[in-house]
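S.K.: Structure in structure tokens, see below.
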Amino acid sequence: MCLFPGSQQLELQAERGSEVDKWRKIMIGVSACHAMIGILNLISGNAWDGIFDLLAAGIGYYGCREPARIQPTMILCYVVFVIMDCFWASLAAMLLLAGVKEVNGPRWRKGLFIGVTYTSVIFYAVAIYVSYKLYTLLKRQYDSLSGLEAGGVPFTDASAERSGAGGGGGGGFPAPGVVSRPSYPRASGGRPSSLAFKGQGYRLGDGKRVK
């Protein structure tokens, strides 16, 4: 979603010294370390992981490179990337520990591959925490700017009037407790008084009118 046109429309601004700006700087450092992991993967012969690591590092850096133009969609895309990277790196580390996966090539390349695989599992876990923390802060900032609380607009008397509670205007539903019950005339004892029937009655069977 972060690589398609139109995904950069939502941009938020981080004030200098704010918590969002602090985690933005940490995110930039994480992206730099991610790029280093990608380069080491390429050197060790793990080409596909290296390419995806460099791509993810570019997305993470581009999404928060400027404090005035932070893009939450790209940060969320980075979160998805590092979750998948952590899963595959953990699987590769378990295969190495079990002795199932074999690494071909010179000894230095084998050592580099094993070292990068084990190290990347820890790095991806840290990257997941940092990127998701930044995303939640950006989401909270966006909700506060939009006037949302707990994911929805709080119900007020003004909103009830706008929804047509008083007179049915606007096609909205009335608020609870606004609709009044029909009133009936009551006798002196407090019970509803009987009303005279003003229509015409007919007896069943013969069709004769009852006077």
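Each chain in the structure tokens gets a letter, A, B, ..., in the order shown, and its residues are numbered from 1; ligands are numbered from 1 in order too.
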Determine, counting only C-alpha atoms, which protein, DNA and RNA residues have an atom within 12 Å of an atom of Asn46 in chain A; residues of the same chain fewer than 3 positions away are not included. Present the result as a PyMOL selection string.
M.R.: chain A and resi 37-43+49-53+89+92+103-105+109-110+112-114+116-117
S.K.: If you keep N, CA and C atoms, can you produce a file of those selected residues as a tab-separated table (two decimals), in the first residue's frame?
M.R.:
```
chain	number	residue	atom	x	y	z
A	37	ILE	N	21.98	-4.33	7.72
A	37	ILE	CA	21.63	-5.75	7.72
A	37	ILE	C	21.43	-6.24	6.28
A	38	GLY	N	20.79	-5.40	5.46
A	38	GLY	CA	20.58	-5.78	4.07
A	38	GLY	C	21.87	-5.93	3.29
A	39	ILE	N	22.81	-5.02	3.52
A	39	ILE	CA	24.11	-5.11	2.83
A	39	ILE	C	24.86	-6.37	3.26
A	40	LEU	N	24.83	-6.67	4.56
A	40	LEU	CA	25.51	-7.87	5.03
A	40	LEU	C	24.85	-9.14	4.49
A	41	ASN	N	23.54	-9.11	4.34
A	41	ASN	CA	22.86	-10.26	3.74
A	41	ASN	C	23.28	-10.46	2.29
A	42	LEU	N	23.44	-9.37	1.56
A	42	LEU	CA	23.90	-9.48	0.18
A	42	LEU	C	25.32	-10.04	0.11
A	43	ILE	N	26.19	-9.60	1.02
A	43	ILE	CA	27.57	-10.08	1.01
A	43	ILE	C	27.64	-11.57	1.37
A	49	ASP	N	16.82	-11.82	0.82
A	49	ASP	CA	16.64	-11.13	2.10
A	49	ASP	C	17.34	-9.77	2.08
A	50	GLY	N	18.49	-9.70	1.44
A	50	GLY	CA	19.19	-8.42	1.36
A	50	GLY	C	18.41	-7.38	0.57
A	51	ILE	N	17.80	-7.81	-0.53
A	51	ILE	CA	17.01	-6.88	-1.35
A	51	ILE	C	15.80	-6.37	-0.58
A	52	PHE	N	15.08	-7.28	0.08
A	52	PHE	CA	13.91	-6.86	0.83
A	52	PHE	C	14.28	-6.01	2.04
A	53	ASP	N	15.43	-6.29	2.63
A	53	ASP	CA	15.88	-5.45	3.75
A	53	ASP	C	16.18	-4.03	3.29
A	89	ALA	N	13.40	-14.85	9.49
A	89	ALA	CA	14.71	-14.94	10.14
A	89	ALA	C	14.67	-15.91	11.32
A	92	ALA	N	14.77	-19.38	9.85
A	92	ALA	CA	16.12	-19.72	9.39
A	92	ALA	C	17.05	-20.01	10.57
A	103	VAL	N	24.89	-24.18	4.73
A	103	VAL	CA	25.36	-22.98	4.06
A	103	VAL	C	26.57	-23.34	3.21
A	104	ASN	N	26.49	-23.02	1.94
A	104	ASN	CA	27.58	-23.31	1.01
A	104	ASN	C	28.46	-22.08	0.83
A	105	GLY	N	29.71	-22.33	0.46
A	105	GLY	CA	30.63	-21.23	0.21
A	105	GLY	C	31.82	-21.25	1.12
A	109	ARG	N	32.13	-16.70	4.57
A	109	ARG	CA	30.75	-16.42	4.16
A	109	ARG	C	29.77	-17.20	5.03
A	110	LYS	N	30.13	-18.44	5.39
A	110	LYS	CA	29.25	-19.21	6.28
A	110	LYS	C	29.13	-18.54	7.64
A	112	LEU	N	29.58	-15.38	8.33
A	112	LEU	CA	28.82	-14.13	8.18
A	112	LEU	C	27.33	-14.41	8.06
A	113	PHE	N	26.97	-15.44	7.30
A	113	PHE	CA	25.56	-15.78	7.13
A	113	PHE	C	24.93	-16.17	8.47
A	114	ILE	N	25.63	-17.01	9.23
A	114	ILE	CA	25.09	-17.44	10.53
A	114	ILE	C	24.99	-16.27	11.50
A	116	VAL	N	24.75	-13.01	10.79
A	116	VAL	CA	23.70	-12.07	10.39
A	116	VAL	C	22.31	-12.65	10.68
A	117	THR	N	22.13	-13.95	10.48
A	117	THR	CA	20.83	-14.56	10.72
A	117	THR	C	20.43	-14.46	12.19
```
S.K.: Sorted by chain and rising residue number, which residues of range 52-124 of chain A lie within 7 Å of range 19-30 of chain A, and what are their closest atom pairs and distances in Å to one decimal, counting only C-alpha atoms, as CSV?
M.R.:
```
residue,atom,partner,partner_atom,distance
A:Tyr61,CA,A:Ile28,CA,5.6
A:Cys64,CA,A:Arg24,CA,6.1
A:Pro67,CA,A:Asp21,CA,6.7
```
S.K.: Rank A:Leu76, A:Leu137, A:Val130, A:Ala47 by their smallest atom-to-atom distance to Ser31 in chain A, using only C-alpha atoms, and report the top residue only.
M.R.: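 The answer is A:Val130, which sits nearest to Ser31 in chain A.
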S.K.: Counting only C-alpha atoms, which residue out of A:Asp143, A:Glu102, A:Gln13, A:Tyr135 sits closest to Glu66 in chain A?
M.R.: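 The closest residue to Glu66 in chain A is A:Gln13.
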S.K.: To one decimal place in Å, what is the distance between CA of Val82 in chain A and CA of Ala56 in chain A?
M.R.: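 Going from CA of Val82 in chain A over to CA of Ala56 in chain A, I get 7.6 Å.
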S.K.: At what distance in Å, to one decimal, does CA of Ala35 in chain A lie from CA of Ala127 in chain A?
M.R.: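 Interatomic distance here is 12.1 Å.
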S.K.: Out of A:Pro106, A:Ala32, A:Gly17, A:Lys139, which residue has the shortest atom-to-atom distance to Leu54 in chain A when counting only C-alpha atoms?
M.R.: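 For Leu54 in chain A, the nearest of the candidates is A:Ala32.
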S.K.: Taking only C-alpha atoms into account, which of A:Tyr118, A:Ser144, A:Met84, A:Ser131 comes nearest Ile59 in chain A?
M.R.: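 Ranking A:Tyr118, A:Ser144, A:Met84, A:Ser131 by distance to Ile59 in chain A, first place goes to A:Ser131.
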